[in-house]
>>> print(open('coords.txt').read())   # compact mmCIF, C-alpha atoms
# COMPACT_ATOMS: atom_id res chain seq x y z
CA MET A 312 13.48 41.68 -7.00
CA GLU A 313 9.88 40.56 -6.44
CA THR A 314 7.23 41.96 -8.68
CA LEU A 315 3.76 42.95 -7.50
CA THR A 316 2.40 39.75 -9.05
CA ASP A 317 4.91 37.63 -7.11
CA ILE A 318 4.00 39.35 -3.85
CA GLN A 319 0.29 38.79 -4.47
CA ARG A 320 0.92 35.14 -5.37
CA ASN A 321 2.97 34.58 -2.19
CA ALA A 322 0.30 36.27 -0.07
CA SER A 323 -2.38 34.12 -1.68
CA GLU A 324 -0.35 30.96 -1.07
CA THR A 325 0.29 31.98 2.54
CA LYS A 326 -3.43 32.56 3.07
CA LEU A 327 -4.27 29.24 1.42
CA GLY A 328 -1.69 27.47 3.58
CA ARG A 329 -3.24 29.00 6.71
CA TRP A 330 -6.70 27.80 5.68
CA ARG A 331 -5.33 24.32 5.00
CA ARG A 332 -3.70 24.19 8.44
CA LEU A 333 -6.99 25.19 10.07
CA ALA A 334 -9.34 23.07 7.94
CA SER A 335 -7.38 19.83 8.05
CA PRO A 336 -7.54 19.19 11.82
CA LEU A 337 -11.17 20.33 11.98
CA CYS A 338 -12.17 17.87 9.23
CA ALA A 339 -10.08 15.15 10.89
CA TRP A 340 -11.66 15.66 14.32
CA LEU A 341 -15.21 15.64 12.97
CA LEU A 342 -14.62 12.52 10.90
CA ALA A 343 -12.72 10.79 13.71
CA ALA A 344 -15.64 11.37 16.08
CA LEU A 345 -18.06 9.76 13.64
CA PHE A 346 -15.81 6.77 12.95
CA LEU A 347 -14.91 6.26 16.62
CA VAL A 348 -18.55 6.20 17.74
CA SER A 349 -19.50 3.82 14.94
CA GLY A 350 -16.50 1.53 15.47
CA LEU A 351 -16.79 1.26 19.25
CA TRP A 352 -20.55 0.72 18.96
CA LYS A 353 -19.82 -2.40 16.95
CA LEU A 354 -16.87 -3.66 18.97
CA LEU A 355 -18.62 -3.31 22.32
CA ASP A 356 -21.51 -5.52 21.20
CA LEU A 357 -20.27 -7.76 18.41
CA PRO A 358 -23.26 -10.18 18.39
CA SER A 359 -25.67 -7.30 17.79
CA ALA A 360 -23.33 -5.83 15.18
CA ALA A 361 -23.21 -9.21 13.42
CA GLU A 362 -27.00 -9.28 13.46
CA ARG A 363 -27.10 -5.87 11.81
CA MET A 364 -24.65 -7.14 9.20
CA VAL A 365 -27.09 -9.94 8.36
CA GLN A 366 -29.85 -7.36 7.95
CA SER A 367 -27.55 -5.56 5.52
CA LEU A 368 -27.39 -8.75 3.43
CA VAL A 369 -24.02 -10.01 4.64
CA PRO A 370 -24.18 -13.86 4.59
CA VAL A 371 -24.72 -15.30 8.08
CA PRO A 372 -21.42 -17.30 8.19
CA TRP A 373 -19.49 -14.08 7.47
CA SER A 374 -21.52 -11.71 9.65
CA MET A 375 -19.35 -11.89 12.79
CA ALA A 376 -16.12 -11.53 10.81
CA ALA A 377 -17.64 -8.56 8.95
CA ALA A 378 -18.69 -6.92 12.23
CA MET A 379 -15.19 -7.36 13.67
CA LEU A 380 -13.47 -6.12 10.51
CA VAL A 381 -15.67 -3.05 10.04
CA GLY A 382 -15.64 -2.14 13.74
CA ALA A 383 -11.86 -2.49 13.94
CA GLY A 384 -11.37 -0.61 10.66
CA GLU A 385 -13.49 2.32 11.80
CA THR A 386 -11.77 2.49 15.19
CA LEU A 387 -8.30 2.31 13.60
CA THR A 388 -9.25 5.05 11.13
CA ALA A 389 -10.46 7.32 13.93
CA ILE A 390 -7.21 6.95 15.90
CA LEU A 391 -5.06 7.60 12.83
CA LEU A 392 -7.04 10.75 12.09
CA LEU A 393 -6.49 12.04 15.62
CA VAL A 394 -2.70 11.65 15.50
CA PRO A 395 -1.21 14.50 13.37
CA ARG A 396 1.76 12.50 12.08
CA LEU A 397 -0.57 9.65 11.00
CA ARG A 398 -3.47 11.82 9.82
CA ARG A 399 -2.93 11.51 6.09
CA TRP A 400 -2.96 7.70 6.31
CA GLY A 401 -6.17 7.92 8.34
CA ALA A 402 -7.72 10.18 5.69
CA TRP A 403 -6.82 7.72 2.94
CA LEU A 404 -8.25 4.81 4.92
CA ALA A 405 -11.44 6.74 5.71
CA ALA A 406 -11.90 7.63 2.03
CA ALA A 407 -11.34 4.01 0.97
CA MET A 408 -13.88 2.72 3.52
CA LEU A 409 -16.49 5.30 2.54
CA VAL A 410 -16.11 4.48 -1.16
CA ALA A 411 -16.40 0.77 -0.33
CA PHE A 412 -19.56 1.37 1.76
CA MET A 413 -21.16 3.38 -1.03
CA ALA A 414 -20.24 0.76 -3.61
CA TYR A 415 -21.72 -2.02 -1.47
CA ILE A 416 -24.98 -0.13 -0.94
CA GLY A 417 -25.07 0.68 -4.64
CA VAL A 418 -24.82 -3.00 -5.59
CA PHE A 419 -27.67 -3.98 -3.25
CA TYR A 420 -29.57 -0.70 -3.52
CA GLN A 421 -32.91 -2.13 -4.67
CA ARG A 422 -32.94 -4.77 -1.92
CA LEU A 423 -31.87 -2.37 0.84
CA LEU A 424 -33.94 0.65 -0.25
CA GLY A 425 -35.81 2.05 2.76
CA ASP A 426 -33.89 -0.04 5.31
CA ASP A 427 -31.77 1.35 8.11
CA CYS A 428 -28.11 1.33 7.08
CA ASN A 429 -27.10 0.50 10.70
CA CYS A 430 -24.16 2.90 10.57
CA PHE A 431 -24.44 4.84 13.82
CA PRO A 432 -26.21 4.42 17.16
CA TRP A 433 -29.13 6.73 17.92
CA ILE A 434 -29.24 7.94 14.30
CA ARG A 435 -31.52 6.26 11.78
CA ARG A 436 -30.01 6.57 8.30
CA VAL A 437 -32.34 5.10 5.72
CA VAL A 438 -30.89 3.68 2.52
CA GLY A 439 -31.88 6.04 -0.29
CA PRO A 440 -30.52 9.14 -2.06
CA GLY A 441 -29.86 10.79 1.31
CA PHE A 442 -27.52 7.97 2.30
CA PHE A 443 -25.17 8.73 -0.59
CA ALA A 444 -25.33 12.46 0.16
CA GLY A 445 -24.30 11.81 3.77
CA ASP A 446 -21.42 9.53 2.81
CA ALA A 447 -20.32 12.01 0.14
CA ALA A 448 -20.17 14.71 2.83
CA MET A 449 -17.99 12.44 4.99
CA LEU A 450 -15.81 11.73 1.93
CA LEU A 451 -15.27 15.48 1.57
CA LEU A 452 -14.21 15.59 5.23
CA ALA A 453 -11.69 12.83 4.50
CA VAL A 454 -10.33 14.79 1.54
CA GLY A 455 -10.11 17.92 3.69
CA ALA A 456 -8.34 16.04 6.49
CA GLY A 457 -5.76 14.65 4.08
CA TRP A 458 -5.39 17.83 2.00
CA GLY A 459 -3.87 19.92 4.78
CA ALA A 460 -2.08 17.13 6.66
CA ARG A 461 1.66 16.75 6.39
CA ARG A 462 3.09 13.60 4.89
CA SER A 463 2.52 10.71 7.29
CA ARG A 464 5.44 8.95 8.86
CA GLY A 465 5.94 6.53 11.71
CA LEU A 466 5.23 3.02 10.52
CA LYS A 467 6.09 1.61 13.95
CA MET A 468 3.54 3.86 15.62
CA ALA A 469 0.89 2.93 13.04
CA ALA A 470 1.69 -0.76 13.49
CA GLY A 471 1.34 -0.34 17.26
CA VAL A 472 -2.06 1.28 16.84
CA LEU A 473 -3.13 -1.53 14.52
CA ALA A 474 -1.94 -4.16 17.00
CA GLY A 475 -3.80 -2.43 19.83
CA VAL A 476 -7.06 -2.25 17.89
CA ALA A 477 -6.68 -5.89 16.82
CA ALA A 478 -6.11 -6.96 20.43
CA MET A 479 -9.16 -5.00 21.57
CA THR A 480 -11.26 -6.63 18.84
CA VAL A 481 -10.16 -10.15 19.83
CA CYS A 482 -10.79 -9.41 23.51
CA SER A 483 -14.24 -8.03 22.71
CA TYR A 484 -15.07 -11.18 20.77
CA GLY A 485 -13.91 -13.40 23.64
CA LEU A 486 -15.89 -11.42 26.19
CA SER A 487 -19.00 -11.55 23.99
CA VAL A 488 -18.77 -15.32 23.67
CA ALA A 489 -18.23 -15.72 27.41
CA ARG A 490 -21.04 -13.32 28.30
CA TYR A 491 -23.57 -14.94 26.00
CA ALA A 492 -22.67 -18.38 27.32
CA ARG A 493 -23.44 -17.29 30.89
CA ILE A 494 -26.78 -15.60 30.27
CA VAL A 495 -29.48 -16.69 32.70
CA ALA A 496 -33.14 -15.89 32.14
CA PRO A 497 -35.36 -14.22 34.74
CA LEU A 498 -37.05 -16.73 37.04
CA SER A 499 -40.49 -16.33 35.50
CA VAL A 500 -42.59 -14.52 32.93
CA GLU A 501 -46.31 -13.88 32.58
CA VAL A 502 -47.77 -15.94 29.72
CA ASP A 503 -51.42 -15.56 28.73
CA GLY A 504 -52.11 -13.93 32.08
CA ARG A 505 -50.45 -16.65 34.18
CA VAL A 506 -46.95 -16.73 35.66
CA GLN A 507 -44.73 -19.44 34.21
CA SER A 508 -41.25 -20.50 35.26
CA LEU A 509 -38.42 -20.08 32.75
CA HIS A 510 -36.12 -22.25 34.86
CA ARG A 511 -37.88 -25.53 34.29
CA GLY A 512 -37.28 -27.68 31.22
CA ARG A 513 -36.80 -26.47 27.66
CA VAL A 514 -38.27 -23.12 26.68
CA LEU A 515 -37.98 -21.30 23.36
CA LEU A 516 -38.47 -17.54 23.48
CA TYR A 517 -39.56 -16.19 20.12
CA PHE A 518 -39.39 -12.39 19.77
CA PHE A 519 -41.36 -11.10 16.79
CA ASP A 520 -43.10 -8.12 15.24
CA PRO A 521 -46.69 -9.00 14.24
CA GLU A 522 -46.36 -6.78 11.16
CA CYS A 523 -43.06 -8.33 10.02
CA SER A 524 -43.38 -10.67 7.02
CA HIS A 525 -40.05 -12.33 7.80
CA CYS A 526 -41.24 -13.02 11.37
CA LEU A 527 -44.38 -14.63 9.94
CA MET A 528 -42.41 -16.78 7.51
CA VAL A 529 -40.20 -18.06 10.34
CA ALA A 530 -43.21 -18.73 12.57
CA ARG A 531 -44.94 -20.72 9.81
CA GLU A 532 -41.86 -22.87 9.36
CA MET A 533 -41.64 -23.38 13.11
CA SER A 534 -45.27 -24.54 13.18
CA ARG A 535 -44.35 -27.50 10.95
CA ARG A 536 -41.92 -28.93 13.52
CA ASP A 537 -42.48 -31.45 16.31
CA TRP A 538 -41.52 -29.52 19.43
CA ARG A 539 -41.58 -32.49 21.83
CA SER A 540 -42.15 -31.10 25.34
CA THR A 541 -40.65 -27.69 24.52
CA ARG A 542 -42.69 -24.68 25.61
CA ILE A 543 -42.73 -21.81 23.11
CA VAL A 544 -43.24 -18.33 24.50
CA ALA A 545 -44.00 -15.74 21.82
CA LEU A 546 -43.07 -12.16 22.70
CA PRO A 547 -44.32 -9.35 20.43
CA THR A 548 -41.89 -6.44 20.32
CA SER A 549 -44.58 -4.05 19.07
CA GLN A 550 -48.31 -4.01 18.22
CA ALA A 551 -49.04 -6.57 20.95
CA ARG A 552 -52.77 -6.51 20.19
CA PHE A 553 -52.07 -8.37 16.95
CA ALA A 554 -49.95 -11.10 18.58
CA ARG A 555 -52.65 -13.78 18.80
CA ASP A 556 -53.83 -13.13 15.22
CA PHE A 557 -50.21 -13.44 14.08
CA LEU A 558 -49.84 -16.84 15.76
CA ASN A 559 -53.16 -18.03 14.34
CA ASP A 560 -52.07 -17.01 10.82
CA ALA A 561 -48.76 -18.82 11.32
CA GLY A 562 -50.39 -21.89 12.84
CA LEU A 563 -47.85 -21.79 15.67
CA LYS A 564 -48.93 -23.09 19.06
CA ALA A 565 -47.36 -20.81 21.63
CA GLY A 566 -48.19 -18.80 24.70
CA VAL A 567 -48.08 -15.02 24.43
CA SER A 568 -46.13 -12.85 26.84
CA LEU A 569 -46.18 -9.07 26.80
CA GLU A 570 -42.88 -8.78 28.65
CA ALA A 571 -40.59 -8.48 25.63
CA ALA A 572 -39.13 -5.17 26.86
CA ARG A 573 -38.13 -6.70 30.21
CA LEU A 574 -36.59 -9.80 28.65
CA ARG A 575 -34.72 -7.74 26.06
CA ARG A 576 -32.67 -6.28 28.90
CA THR A 577 -31.30 -9.80 29.37
CA PHE A 578 -31.36 -11.05 25.78
CA THR A 579 -30.10 -8.14 23.72
CA PHE A 580 -30.64 -8.00 19.98
CA ALA A 581 -31.24 -5.43 17.27
CA ASP A 582 -34.46 -6.30 15.46
CA PRO A 583 -36.86 -9.25 15.42
CA PRO A 584 -37.25 -12.04 14.67
CA TYR A 585 -34.99 -13.45 17.36
CA ALA A 586 -35.11 -16.72 19.25
CA VAL A 587 -33.51 -17.89 22.49
CA ALA A 588 -33.31 -21.55 23.54
CA LEU A 589 -33.35 -22.00 27.32
CA ILE A 590 -32.55 -25.17 29.24
CA ASP A 591 -33.48 -24.88 32.92
CA GLY A 592 -33.21 -21.11 32.67
CA ARG A 593 -29.80 -20.92 31.01
CA GLN A 594 -29.31 -19.77 27.45
CA ALA A 595 -28.24 -22.75 25.37
CA ALA A 596 -28.36 -20.95 22.03
CA ALA A 597 -29.60 -17.75 20.40
CA PHE A 598 -30.55 -17.13 16.78
CA ASN A 599 -30.75 -13.81 14.97
CA SER A 600 -33.01 -12.92 12.05
CA GLY A 601 -30.64 -14.30 9.44
CA GLU A 602 -29.99 -17.57 11.26
CA LEU A 603 -33.71 -18.22 11.76
CA ALA A 604 -34.13 -18.53 7.99
CA LYS A 605 -31.43 -21.22 7.70
CA PRO A 606 -31.76 -25.02 8.09
CA SER A 607 -28.95 -24.81 10.65
CA TYR A 608 -31.45 -23.26 13.08
CA TYR A 609 -33.50 -26.46 13.19
CA GLU A 610 -30.40 -28.62 13.16
CA ALA A 611 -29.16 -26.84 16.27
CA LEU A 612 -32.57 -27.21 17.97
CA ALA A 613 -32.57 -30.92 17.14
CA LYS A 614 -29.15 -31.36 18.76
CA LEU A 615 -30.45 -29.57 21.86
CA GLU A 616 -33.49 -31.89 21.82
CA PHE A 617 -35.96 -29.02 21.40
CA ILE A 618 -37.47 -30.66 18.31
CA ARG A 619 -37.51 -34.17 16.88
>>> encode(input="coords.txt", output="structure tokens")
Amino acid sequence: METLTDIQRNASETKLGRWRRLASPLCAWLLAALFLVSGLWKLLDLPSAAERMVQSLVPVPWSMAAAMLVGAGETLTAILLLVPRLRRWGAWLAAAMLVAFMAYIGVFYQRLLGDDCNCFPWIRRVVGPGFFAGDAAMLLLAVGAGWGARRSRGLKMAAGVLAGVAAMTVCSYGLSVARYARIVAPLSVEVDGRVQSLHRGRVLLYFFDPECSHCLMVAREMSRRDWRSTRIVALPTSQARFARDFLNDAGLKAGVSLEAARLRRTFTFADPPYAVALIDGRQAAAFNSGELAKPSYYEALAKLEFIR
């Protein structure tokens, strides 16, 4: 015969179980939405994602692999969270990724302080105390999603999801390589008030921010090179009134074009500095902010006969 205490305990457990059944899917859906947006954002534009990885201090040679791995991991996590029988595995994976992200930022905190963490599109999350608070909130969502989820089962289904995400990642990489290899510049651009063809000879487009110290460092190094017959077109992405002063400080001989916004619709990138090497109007190579600081940038230009 049940005592009053047993009845109260059973009622409390029933109520708790109901809350767990309600809270778990809600936490899973919210977290899945965040991870899916972040993962697909990376996978749909891997070159830009790799560039953002470089800005987050990932070594250039590993940046593309890191973009693919993180994008695929976030997408896989989101799908697992959305499938009830796989939800607990998704919650574990989400928690592991969030802890890894926080640990990485913690290691490089002083160097990344004040920078955009490049986590989500349209949302600027600056590295600082608020970053850890945001990730801690997502970690709580992961705990909530796993807390009320039933024990996961279905290894074949999970393996199928993993294979699908891996195939999508590889296809995205192949399409990115093919798309970037076929990029053709607009026919012309206005440089120093005069229209110049971009489809004649070798042209280097240098996108920069006049207030960016890294952009200035790259420009100064570029000024020390013998550019043969290459035309350099400098395109300020902001504060265009300072463009000529920037080039004078760097000692770089280049024409200035104020059409960076138009050209960025063709040559997409995250943040300057960024350089595009054109041969008769076709993109022969492109270099993100991390690559521009490496000797391999000038080695590649030498092979393309842009510099001696």
>>> atom_distance(input="coords.txt", atom1="CA of Val495 (chain A)", atom2="CA of Glu532 (chain A)")
27.1 Å
>>> closest_residue(input="coords.txt", among="A:Phe617, A:Phe519, A:Trp400, A:Trp373", to="Ala572 (chain A)", atoms="all atoms listed in the file")
A:Phe519
>>> residues_near_point(input="coords.txt", point="(-6.1, 14.3, 7.6)", cutoff="12 Å", atoms="all atoms listed in the file", output="PDB file with C-alpha atoms, in the frame of the given file")
ATOM      1  CA  ARG A 331      -5.330  24.320   5.000  1.00  0.00           C
ATOM      2  CA  ARG A 332      -3.700  24.190   8.440  1.00  0.00           C
ATOM      3  CA  LEU A 333      -6.990  25.190  10.070  1.00  0.00           C
ATOM      4  CA  ALA A 334      -9.340  23.070   7.940  1.00  0.00           C
ATOM      5  CA  SER A 335      -7.380  19.830   8.050  1.00  0.00           C
ATOM      6  CA  PRO A 336      -7.540  19.190  11.820  1.00  0.00           C
ATOM      7  CA  LEU A 337     -11.170  20.330  11.980  1.00  0.00           C
ATOM      8  CA  CYS A 338     -12.170  17.870   9.230  1.00  0.00           C
ATOM      9  CA  ALA A 339     -10.080  15.150  10.890  1.00  0.00           C
ATOM     10  CA  TRP A 340     -11.660  15.660  14.320  1.00  0.00           C
ATOM     11  CA  LEU A 341     -15.210  15.640  12.970  1.00  0.00           C
ATOM     12  CA  LEU A 342     -14.620  12.520  10.900  1.00  0.00           C
ATOM     13  CA  ALA A 343     -12.720  10.790  13.710  1.00  0.00           C
ATOM     14  CA  THR A 388      -9.250   5.050  11.130  1.00  0.00           C
ATOM     15  CA  ALA A 389     -10.460   7.320  13.930  1.00  0.00           C
ATOM     16  CA  ILE A 390      -7.210   6.950  15.900  1.00  0.00           C
ATOM     17  CA  LEU A 391      -5.060   7.600  12.830  1.00  0.00           C
ATOM     18  CA  LEU A 392      -7.040  10.750  12.090  1.00  0.00           C
ATOM     19  CA  LEU A 393      -6.490  12.040  15.620  1.00  0.00           C
ATOM     20  CA  VAL A 394      -2.700  11.650  15.500  1.00  0.00           C
ATOM     21  CA  PRO A 395      -1.210  14.500  13.370  1.00  0.00           C
ATOM     22  CA  ARG A 396       1.760  12.500  12.080  1.00  0.00           C
ATOM     23  CA  LEU A 397      -0.570   9.650  11.000  1.00  0.00           C
ATOM     24  CA  ARG A 398      -3.470  11.820   9.820  1.00  0.00           C
ATOM     25  CA  ARG A 399      -2.930  11.510   6.090  1.00  0.00           C
ATOM     26  CA  TRP A 400      -2.960   7.700   6.310  1.00  0.00           C
ATOM     27  CA  GLY A 401      -6.170   7.920   8.340  1.00  0.00           C
ATOM     28  CA  ALA A 402      -7.720  10.180   5.690  1.00  0.00           C
ATOM     29  CA  TRP A 403      -6.820   7.720   2.940  1.00  0.00           C
ATOM     30  CA  LEU A 404      -8.250   4.810   4.920  1.00  0.00           C
ATOM     31  CA  ALA A 405     -11.440   6.740   5.710  1.00  0.00           C
ATOM     32  CA  ALA A 406     -11.900   7.630   2.030  1.00  0.00           C
ATOM     33  CA  LEU A 450     -15.810  11.730   1.930  1.00  0.00           C
ATOM     34  CA  LEU A 451     -15.270  15.480   1.570  1.00  0.00           C
ATOM     35  CA  LEU A 452     -14.210  15.590   5.230  1.00  0.00           C
ATOM     36  CA  ALA A 453     -11.690  12.830   4.500  1.00  0.00           C
ATOM     37  CA  VAL A 454     -10.330  14.790   1.540  1.00  0.00           C
ATOM     38  CA  GLY A 455     -10.110  17.920   3.690  1.00  0.00           C
ATOM     39  CA  ALA A 456      -8.340  16.040   6.490  1.00  0.00           C
ATOM     40  CA  GLY A 457      -5.760  14.650   4.080  1.00  0.00           C
ATOM     41  CA  TRP A 458      -5.390  17.830   2.000  1.00  0.00           C
ATOM     42  CA  GLY A 459      -3.870  19.920   4.780  1.00  0.00           C
ATOM     43  CA  ALA A 460      -2.080  17.130   6.660  1.00  0.00           C
ATOM     44  CA  ARG A 461       1.660  16.750   6.390  1.00  0.00           C
ATOM     45  CA  ARG A 462       3.090  13.600   4.890  1.00  0.00           C
ATOM     46  CA  SER A 463       2.520  10.710   7.290  1.00  0.00           C
TER      47      SER A 463
END
>>> residues_around(input="coords.txt", residues="region 356-367 of chain A", least_positions_apart="3", cutoff="6 Å", atoms="all atoms listed in the file", output="PDB file with C-alpha atoms, in the frame of the given file")
ATOM      1  CA  LYS A 353     -19.820  -2.400  16.950  1.00  0.00           C
ATOM      2  CA  VAL A 371     -24.720 -15.300   8.080  1.00  0.00           C
ATOM      3  CA  SER A 374     -21.520 -11.710   9.650  1.00  0.00           C
ATOM      4  CA  MET A 375     -19.350 -11.890  12.790  1.00  0.00           C
ATOM      5  CA  ALA A 378     -18.690  -6.920  12.230  1.00  0.00           C
ATOM      6  CA  PHE A 580     -30.640  -8.000  19.980  1.00  0.00           C
ATOM      7  CA  ALA A 581     -31.240  -5.430  17.270  1.00  0.00           C
ATOM      8  CA  GLY A 601     -30.640 -14.300   9.440  1.00  0.00           C
TER       9      GLY A 601
END
>>> closest_atom_pairs(input="coords.txt", of="region 461-538 of chain A", to="region 603-614 of chain A", cutoff="9 Å", atoms="only C-alpha atoms", output="tab-separated table")
residue	atom	partner	partner_atom	distance
A:His525	CA	A:Ala604	CA	8.6
A:Met528	CA	A:Ala604	CA	8.5
A:Val529	CA	A:Ala604	CA	6.5
A:Glu532	CA	A:Ala604	CA	9.0
A:Met533	CA	A:Tyr609	CA	8.7
A:Arg536	CA	A:Tyr609	CA	8.8
>>> residues_around(input="coords.txt", residues="Ala586 (chain A)", least_positions_apart="4", cutoff="9 Å", atoms="all atoms listed in the file", output="list of chain:residue names")
A:Leu515, A:Leu516, A:Tyr517, A:Phe518, A:Phe519, A:Ala596, A:Ala597, A:Phe598, A:Asn599, A:Ser600, A:Leu603
>>> residues_around(input="coords.txt", residues="Arg555 (chain A)", least_positions_apart="4", cutoff="9 Å", atoms="all atoms listed in the file", output="list in words")
Pro521, Ala551, Asn559, Asp560, Gly566 and Val567 of chain A
>>> residues_around(input="coords.txt", residues="Trp538 (chain A)", least_positions_apart="3", cutoff="8 Å", atoms="only C-alpha atoms", output="list in words")
Thr541, Arg542, Phe617, Ile618 and Arg619 of chain A
>>> atom_distance(input="coords.txt", atom1="CA of Met449 (chain A)", atom2="CA of Met413 (chain A)")
11.3 Å
>>> atom_distance(input="coords.txt", atom1="CA of Leu473 (chain A)", atom2="CA of Leu486 (chain A)")
19.9 Å
>>> residues_around(input="coords.txt", residues="Glu385 (chain A)", least_positions_apart="5", cutoff="8 Å", atoms="only C-alpha atoms", output="PDB file with C-alpha atoms, keeping the file's coordinate frame")
ATOM      1  CA  PHE A 346     -15.810   6.770  12.950  1.00  0.00           C
ATOM      2  CA  LEU A 347     -14.910   6.260  16.620  1.00  0.00           C
ATOM      3  CA  SER A 349     -19.500   3.820  14.940  1.00  0.00           C
ATOM      4  CA  GLY A 350     -16.500   1.530  15.470  1.00  0.00           C
ATOM      5  CA  ALA A 405     -11.440   6.740   5.710  1.00  0.00           C
TER       6      ALA A 405
END
>>> closest_residue(input="coords.txt", among="A:His510, A:Arg493, A:Lys564, A:Arg436", to="Arg535 (chain A)", atoms="all atoms listed in the file")
A:Lys564
>>> residues_near_point(input="coords.txt", point="(-28.4, 10.3, 19.3)", cutoff="12 Å", atoms="all atoms listed in the file", output="JSON, numbers by chain")
{"A": [345, 348, 349, 431, 432, 433, 434, 435, 436]}
>>> build_atoms(input="coords.txt", residues="region 374-388 of chain A", atoms="N, CA and C atoms", output="PDB file, in the frame of the given file")
ATOM      1  N   SER A 374     -21.018 -12.907   8.974  1.00  0.00           N
ATOM      2  CA  SER A 374     -21.520 -11.710   9.650  1.00  0.00           C
ATOM      3  C   SER A 374     -20.635 -11.298  10.833  1.00  0.00           C
ATOM      4  N   MET A 375     -20.190 -12.241  11.654  1.00  0.00           N
ATOM      5  CA  MET A 375     -19.350 -11.890  12.790  1.00  0.00           C
ATOM      6  C   MET A 375     -17.995 -11.348  12.328  1.00  0.00           C
ATOM      7  N   ALA A 376     -17.405 -12.010  11.333  1.00  0.00           N
ATOM      8  CA  ALA A 376     -16.120 -11.530  10.810  1.00  0.00           C
ATOM      9  C   ALA A 376     -16.273 -10.130  10.219  1.00  0.00           C
ATOM     10  N   ALA A 377     -17.397  -9.889   9.533  1.00  0.00           N
ATOM     11  CA  ALA A 377     -17.640  -8.560   8.950  1.00  0.00           C
ATOM     12  C   ALA A 377     -17.792  -7.513  10.038  1.00  0.00           C
ATOM     13  N   ALA A 378     -18.514  -7.859  11.118  1.00  0.00           N
ATOM     14  CA  ALA A 378     -18.690  -6.920  12.230  1.00  0.00           C
ATOM     15  C   ALA A 378     -17.350  -6.575  12.866  1.00  0.00           C
ATOM     16  N   MET A 379     -16.510  -7.587  13.069  1.00  0.00           N
ATOM     17  CA  MET A 379     -15.190  -7.360  13.670  1.00  0.00           C
ATOM     18  C   MET A 379     -14.315  -6.514  12.748  1.00  0.00           C
ATOM     19  N   LEU A 380     -14.326  -6.836  11.464  1.00  0.00           N
ATOM     20  CA  LEU A 380     -13.470  -6.120  10.510  1.00  0.00           C
ATOM     21  C   LEU A 380     -13.894  -4.666  10.370  1.00  0.00           C
ATOM     22  N   VAL A 381     -15.193  -4.427  10.214  1.00  0.00           N
ATOM     23  CA  VAL A 381     -15.670  -3.050  10.040  1.00  0.00           C
ATOM     24  C   VAL A 381     -15.472  -2.246  11.322  1.00  0.00           C
ATOM     25  N   GLY A 382     -15.813  -2.843  12.470  1.00  0.00           N
ATOM     26  CA  GLY A 382     -15.640  -2.140  13.740  1.00  0.00           C
ATOM     27  C   GLY A 382     -14.184  -1.787  13.994  1.00  0.00           C
ATOM     28  N   ALA A 383     -13.290  -2.748  13.751  1.00  0.00           N
ATOM     29  CA  ALA A 383     -11.860  -2.490  13.940  1.00  0.00           C
ATOM     30  C   ALA A 383     -11.350  -1.463  12.945  1.00  0.00           C
ATOM     31  N   GLY A 384     -11.807  -1.557  11.690  1.00  0.00           N
ATOM     32  CA  GLY A 384     -11.370  -0.610  10.660  1.00  0.00           C
ATOM     33  C   GLY A 384     -11.784   0.811  10.988  1.00  0.00           C
ATOM     34  N   GLU A 385     -13.017   0.982  11.452  1.00  0.00           N
ATOM     35  CA  GLU A 385     -13.490   2.320  11.800  1.00  0.00           C
ATOM     36  C   GLU A 385     -12.747   2.881  13.003  1.00  0.00           C
ATOM     37  N   THR A 386     -12.496   2.036  14.003  1.00  0.00           N
ATOM     38  CA  THR A 386     -11.770   2.490  15.190  1.00  0.00           C
ATOM     39  C   THR A 386     -10.328   2.855  14.846  1.00  0.00           C
ATOM     40  N   LEU A 387      -9.667   2.026  14.035  1.00  0.00           N
ATOM     41  CA  LEU A 387      -8.300   2.310  13.600  1.00  0.00           C
ATOM     42  C   LEU A 387      -8.253   3.628  12.826  1.00  0.00           C
ATOM     43  N   THR A 388      -9.198   3.824  11.931  1.00  0.00           N
ATOM     44  CA  THR A 388      -9.250   5.050  11.130  1.00  0.00           C
ATOM     45  C   THR A 388      -9.375   6.278  12.019  1.00  0.00           C
TER      46      THR A 388
END
